[in-house]
Amino acid sequence: MSALLSVSDLCIDVTGSDGPMRAVSDVSFDLAEGEVMGLVGESGSGKTLTCRSVLRLLPRKVAITGGRIELAGHRVTEMTERQLATVRGPVGAMIFQNPTAHLNPVMTIGNQIAEPVRIHEGASRAEARARARDLLVQVGIPDPDSRLDQYPHEFSGGMRQRAMIAAALACRPRLLIADEPTTALDVTVQAQILRLLLDLRDSLGLAIILVTHDLAVVSQTCEKVAVMYAGRIVESGPKPAVLGRPCHPYTEGLVASQPGGGVPGTLLKAIPGQPPGLSDRPPGCAFAPRCPIARSSCESAVPPLESAGPAHRTACPHWSELGAAA
Amino acid sequence: MNRYRFVLLRPLQLVPVLIGISLVSFLLIHALPGDPVRTLVGMRAPPDVVERIRAYYGLDQPVIVQYFYFLRSLAEGELGRSVVYRMPVSDLLASRAGPTLFLLVYATLLGIVLTIALSVTAARNRGRWPDQTIRAFSTIGLGFPSFWIGLMLILVFSVRLGLFPVSGAGQGFVDRLHHLFLPAFTIALALSAVLTRTLRASLIEQMDADHVTAARSRGVGDKDVFWRHVVPNSLIPTINLLGVNLGWLISGTVVVETVFSVPGLGFLMTSSIFARDYMTVQAITLVFALATVLITFLVDVVTVALDPRVRM
Ligand SMILES: Nc1ncnc2c1ncn2[C@@H]1O[C@H](COP(=O)(O)OP(=O)(O)OP(=O)(O)O)[C@@H](O)[C@H]1O
Ligand SMILES: [Mg+2]
């Protein structure tokens with residue numbers, strides 16, 4: 001099966017006051033049609049920049065400086081802004097962490113959902129509105145006829161996220177990028193939105209990149225996982241392997257620090273220390289200063305990814321010592 | 001639709017405001033030194049003539065009584081008589097309101113067009129020379145008084161180039177557009193200097209807004225993003241500022257009409273102040289205050305129409 005999305009050796013630079021700094025380095029991953037991949041890692045590890053670059057939606061002063069992205073046969077990294085506009089929507093679409101800020105406050109929900117349909121399919125006003133109505137039903141918004149003409153401020157947080165999903169799906173994309181879609185929502189609503197995403201995956205055959213901090217979410221929803229640390233993927237592979245038998249000390253630390261998995265009453269083990277900032281990333285393994293099994297050789301060169309099992313890759317050369325150490 | 005209910009309620013809330021305005025304008029003019037009757041008849045008129053004229057205009061009564069006379073006649077739509085023009089003030093104002101109204105609308109429209117053109121150009125070329133030029137223009141524009149700009153425009157376009165008349169308001173629509181272009185342009189320049197800063201800043205802020213990124217993520221192209229998402233959201237703060245500045249704009253017509261000798265209310269205002277024509281000054285003050293209130297109200301209506309989140 002050929003991949004729907006293929007990212008290889010992606011590098012992203014951020015231009016600060018003292019020149020460009022590398023924010024994301026040599027990131028590679030593939031995603032098949034209908035597959036759900038979790039992208040996890042601490043704050044600042046580069047998850048948002050990585051997934052936004054798939055649709056080339058990077059902010060000002062942030063640029064892709066290396067690597068290739070291919071989405072359903074489109075060479076995203078080489079396209080002009082005009083060409084990108086034809087890919088965004090019908091091929092790949094995105095939903096965001098904060099639905100309130102990501103909806104236009106002065107445009108009706110119906111118009112925001114209908115807009116891409118009119119642009120990409122040249123649909124009439126009435127056709128696009130009918131599609132918008134169907135989409136509201138599909139994402140579980142009750143009373144769609146009156147909801148179409150309402151504005152975002154008349155929706156609850158969960159309903160806004162549903163509306164944003166409807167707008168993203170309006171042109172039937174094959175890939176949905178979901179950047180922390182539930183972080184800003186109530187716990188009960190979080191579960192509903194995740195359920196909705198999985199239902200949509202099943203009914204539409206949608207591939208999903210799900211960015212999250214929450215390993216519990218990954219274990220409930222994803223088939224594979226990529227773990228990012230300081231701008232690199234440090235471990236990736238099938239979910240059961242990565243979460244069940246982590247082969248990188250950082251992943252192991254993340255798993256150990258998750259609530260719920262452990263025995264009630266035991267303390268959560270937080271990873272000591274902080275990830276390095278953009279300007280003080282070490283020359284070797286960026287995790288070495290916090291790593292329980294680090295040795296001096298770890299600090300000299302960035303360790304390459306190596307195989308730790310079927311489709312399972314890790315950037316720790318000492319992965320075979322894990323498990324025993326824990 | 002009940003977001004628009006304030007359209008019906010607002011006039012009721014305005015009654016105390018109007019009473020306040022009338023009181024202030026009445027008292028202000030009476031605080032001024034100088035005797036209007038003496039101005040009218042001259043210093044050498046016999047005392048009994050002076051007293052008769054004083055009584056005729058009600059100026060021999062105590063101030064508070066004069067105020068109630070004033071209110072009563074206001075209620076009857078009667079604004080008193082002008083001691084200078086010897087005619088009812090209402091007729092006098094009616095004959096002068098046309099040019100001022102025309103000038104105000106003309107200047108506002110020119111100002112809006114200028115503001116949008118400048119801000120859009122600046123925002124779409126952020127940091128490059130068109131942006132820097134326009135920012136310099138708005139900073140400099142804020143610093144120059146409009147009477148000076150008006151005089152310079154007269155000097156260049158009327159005196160040197162002979163493109164526009166030096167004074168007057170013209171007859172008929174096209175002639176009026178021609179006559180009032182320079183005065184309207186003077187006001188529009190000042191207005192757009194203020195508004196361009198705000199609109200440019202909001203446009204730039206909105207171009208980076210999250211909802212704009214989201215629209216782009218659905219394949220909405222640059223042009224549609226700009227006109228359908230960026231501009232409508234940017235107009236809201238600018239409309240509010242326009243509302244504040246339109247009040248100032250009305251007083252601006254006083255200066256500009258005087259510089260350009262436009263026979264409007266502003267020009268009448270200055271000449272009436274010098275002539276101590278109490279009734280006329282009072283009436284114009286009232287009309288200007290009323291117009292300010294009305295414009296603020298209109299701006300509220302526009303704001304509610306533009307921003308579904310707003311309730312008045
Ligand atoms: N617009 C920007 N300008 C400058 N630096 C940026 C910008 N966006 C991201 N960065 C930097 O790039 C790095 C990666 O950021 P990114 O937003 O991808 O992290 P993240 O993994 O999504 O974090 P979080 O979990 O907090 O969302 C961070 O160090 C961040 O400070
Ligand atoms: Mg992020």
# chains A, B, ... in the order shown; residues from 1 in each chain; ligands from 1
call {"tool": "interface_residues", "arguments": {"of": "chain A", "to": "chain B", "cutoff": "8 Å", "atoms": "only C-alpha atoms", "output": "PyMOL selection string"}}
result
chain A and resi 55+57+59+82+84-89+93-96+101-106+115-116+119-120+151+153+167-168
call {"tool": "closest_atom_pairs", "arguments": {"of": "chain A", "to": "ligand 1", "cutoff": "8 Å", "atoms": "only C-alpha atoms and all ligand atoms", "output": "Markdown table"}}
result
| residue | atom | partner | partner_atom_place_in_ligand_line | distance |
| --- | --- | --- | --- | --- |
| A:Val14 | CA | ligand 1 | 5 (N) | 5.4 |
| A:Thr15 | CA | ligand 1 | 4 (C) | 6.7 |
| A:Gly16 | CA | ligand 1 | 4 (C) | 6.6 |
| A:Ala23 | CA | ligand 1 | 12 (O) | 5.0 |
| A:Val24 | CA | ligand 1 | 14 (C) | 7.1 |
| A:Val40 | CA | ligand 1 | 21 (O) | 7.8 |
| A:Gly41 | CA | ligand 1 | 21 (O) | 6.3 |
| A:Glu42 | CA | ligand 1 | 25 (O) | 5.7 |
| A:Ser43 | CA | ligand 1 | 25 (O) | 3.4 |
| A:Gly44 | CA | ligand 1 | 19 (O) | 3.5 |
| A:Ser45 | CA | ligand 1 | 21 (O) | 3.9 |
| A:Gly46 | CA | ligand 1 | 18 (O) | 3.1 |
| A:Lys47 | CA | ligand 1 | 21 (O) | 3.8 |
| A:Thr48 | CA | ligand 1 | 22 (O) | 3.6 |
| A:Leu49 | CA | ligand 1 | 18 (O) | 3.8 |
| A:Thr50 | CA | ligand 1 | 18 (O) | 6.3 |
| A:Leu58 | CA | ligand 1 | 1 (N) | 7.6 |
| A:Pro59 | CA | ligand 1 | 1 (N) | 5.1 |
| A:Arg60 | CA | ligand 1 | 1 (N) | 6.2 |
| A:Lys61 | CA | ligand 1 | 3 (N) | 6.3 |
| A:Val62 | CA | ligand 1 | 2 (C) | 6.2 |
| A:Asp179 | CA | ligand 1 | 22 (O) | 7.9 |
| A:Glu180 | CA | ligand 1 | 27 (O) | 7.7 |
| A:Thr212 | CA | ligand 1 | 25 (O) | 7.5 |
| A:His213 | CA | ligand 1 | 25 (O) | 6.8 |
| A:Met228 | CA | ligand 1 | 21 (O) | 7.7 |
| A:Ala230 | CA | ligand 1 | 14 (C) | 7.8 |
| A:Gly231 | CA | ligand 1 | 14 (C) | 6.8 |
| A:Gly277 | CA | ligand 1 | 29 (O) | 6.1 |
| A:Leu278 | CA | ligand 1 | 29 (O) | 5.3 |
call {"tool": "select_by_dssp", "arguments": {"residues": "stretch 64-131 of chain A", "states": "helix (DSSP H, G or I)", "output": "PyMOL selection string"}}
result
chain A and resi 76-78+81-87+109-121+125-131
call {"tool": "residues_around", "arguments": {"residues": "stretch 50-62 of chain B", "least_positions_apart": "3", "cutoff": "8 Å", "atoms": "only C-alpha atoms", "output": "PyMOL selection string"}}
result
chain B and resi 37-38+41+45-47+65-66+81
call {"tool": "residues_around", "arguments": {"residues": "A:Pro90", "least_positions_apart": "3", "cutoff": "7 Å", "atoms": "only C-alpha atoms", "output": "list in words"}}
result
Val87, Cys171, Arg172 and Pro173 of chain A
call {"tool": "residues_around", "arguments": {"residues": "B:Ser90", "least_positions_apart": "5", "cutoff": "9 Å", "atoms": "only C-alpha atoms", "output": "NGL selection string"}}
result
:B and (77-81 or 95 or 280 or 283)
call {"tool": "write_last_selection", "arguments": {"atoms": "C-alpha atoms", "output": "compact mmCIF listing (two decimals), in the first residue's frame"}}
result
# COMPACT_ATOMS: atom_id res chain seq x y z
CA GLY B 77 -39.70 74.79 16.77
CA GLU B 78 -38.96 78.46 17.19
CA LEU B 79 -35.26 79.25 17.58
CA GLY B 80 -35.63 83.00 18.16
CA ARG B 81 -34.61 85.89 15.95
CA SER B 95 -30.55 78.51 4.28
CA THR B 280 -27.88 82.16 16.20
CA ALA B 283 -29.13 77.43 17.68
call {"tool": "residues_around", "arguments": {"residues": "A:Arg56", "least_positions_apart": "2", "cutoff": "8 Å", "atoms": "only C-alpha atoms", "output": "PyMOL selection string"}}
result
chain A and resi 52-54+58+76-77+84
call {"tool": "write_last_selection", "arguments": {"atoms": "C-alpha atoms", "output": "PDB file, in the first residue's frame"}}
result
ATOM      1  CA  ARG A  52       1.179  22.542   9.927  1.00  0.00           C
ATOM      2  CA  SER A  53       3.915  22.193   7.372  1.00  0.00           C
ATOM      3  CA  VAL A  54       1.994  19.306   5.805  1.00  0.00           C
ATOM      4  CA  LEU A  58       3.410  27.944   8.879  1.00  0.00           C
ATOM      5  CA  VAL A  76       3.490  20.077  -1.137  1.00  0.00           C
ATOM      6  CA  THR A  77       6.979  21.434  -0.510  1.00  0.00           C
ATOM      7  CA  LEU A  84      -1.683  24.929  -2.283  1.00  0.00           C
TER       8      LEU A  84
END
call {"tool": "select_by_dssp", "arguments": {"residues": "stretch 19-171 of chain A", "states": "strand (DSSP E)", "output": "PyMOL selection string"}}
result
chain A and resi 19-31+36-40+62-71+74-75+92-95
call {"tool": "write_last_selection", "arguments": {"atoms": "C-alpha atoms", "output": "tab-separated table (two decimals), in the first residue's frame"}}
result
chain	number	residue	atom	x	y	z
A	19	GLY	CA	19.09	34.82	12.91
A	20	PRO	CA	17.44	31.52	12.02
A	21	MET	CA	17.19	28.69	14.52
A	22	ARG	CA	16.39	25.07	13.74
A	23	ALA	CA	13.04	24.17	15.32
A	24	VAL	CA	12.36	20.85	13.59
A	25	SER	CA	15.12	18.56	12.28
A	26	ASP	CA	15.05	15.58	9.92
A	27	VAL	CA	11.50	14.51	10.63
A	28	SER	CA	10.27	11.59	8.50
A	29	PHE	CA	7.07	9.58	8.67
A	30	ASP	CA	4.49	7.95	6.43
A	31	LEU	CA	0.77	7.72	6.81
A	36	VAL	CA	-4.57	7.35	12.57
A	37	MET	CA	-1.20	8.50	13.84
A	38	GLY	CA	-0.58	10.10	17.22
A	39	LEU	CA	2.07	12.81	17.43
A	40	VAL	CA	3.13	13.30	21.02
A	62	VAL	CA	8.87	30.17	10.15
A	63	ALA	CA	9.96	28.30	7.03
A	64	ILE	CA	10.61	24.82	5.72
A	65	THR	CA	14.33	24.70	4.97
A	66	GLY	CA	14.76	21.08	3.99
A	67	GLY	CA	13.07	17.80	3.21
A	68	ARG	CA	10.08	16.74	1.14
A	69	ILE	CA	6.41	16.38	1.78
A	70	GLU	CA	4.19	14.45	-0.58
A	71	LEU	CA	0.44	14.33	-0.01
A	74	HIS	CA	1.09	16.44	-4.58
A	75	ARG	CA	4.57	17.68	-3.84
A	92	GLY	CA	-5.95	17.68	3.37
A	93	ALA	CA	-7.64	19.78	6.03
A	94	MET	CA	-6.89	20.86	9.55
A	95	ILE	CA	-8.60	21.49	12.87
call {"tool": "residues_around", "arguments": {"residues": "A:Cys316", "least_positions_apart": "3", "cutoff": "12 Å", "atoms": "only C-alpha atoms", "output": "compact mmCIF listing (two decimals) with C-alpha atoms, in the first residue's frame"}}
result
# COMPACT_ATOMS: atom_id res chain seq x y z
CA ILE A 233 11.18 12.21 16.20
CA VAL A 234 12.89 10.11 18.84
CA GLU A 235 10.68 7.06 18.57
CA SER A 236 7.97 5.88 16.21
CA PRO A 246 9.02 1.89 24.84
CA CYS A 247 12.46 1.81 23.26
CA HIS A 248 13.50 5.35 24.10
CA PRO A 249 14.05 6.63 27.63
CA TYR A 250 11.97 9.74 26.84
CA THR A 251 8.95 7.65 25.76
CA GLU A 252 9.43 5.47 28.79
CA GLY A 284 24.37 15.28 20.76
CA CYS A 285 21.16 13.62 21.94
CA ALA A 286 18.91 16.45 23.17
CA PHE A 287 17.46 14.22 25.88
CA ALA A 288 20.86 13.23 27.35
CA CYS A 291 18.25 10.75 30.63
CA ILE A 293 20.85 5.87 31.05
CA ALA A 294 22.90 8.59 29.33
CA ARG A 295 26.67 8.22 28.99
CA SER A 297 29.08 9.16 24.10
CA CYS A 298 25.46 10.39 23.97
CA GLU A 299 26.58 14.02 24.08
CA ALA A 301 26.63 13.26 18.08
CA VAL A 302 22.92 13.06 17.34
CA PRO A 303 22.06 9.37 17.38
CA PRO A 304 20.43 8.12 14.15
CA LEU A 305 17.12 6.25 14.19
CA GLU A 306 17.58 2.52 14.36
CA SER A 307 15.20 -0.39 14.20
CA ALA A 308 13.89 -1.83 17.45
CA ARG A 313 12.31 2.88 15.28
CA TRP A 319 17.43 1.01 23.92
CA SER A 320 18.12 -2.63 24.68
CA GLU A 321 19.01 -1.61 28.26
CA LEU A 322 15.55 -0.14 28.85
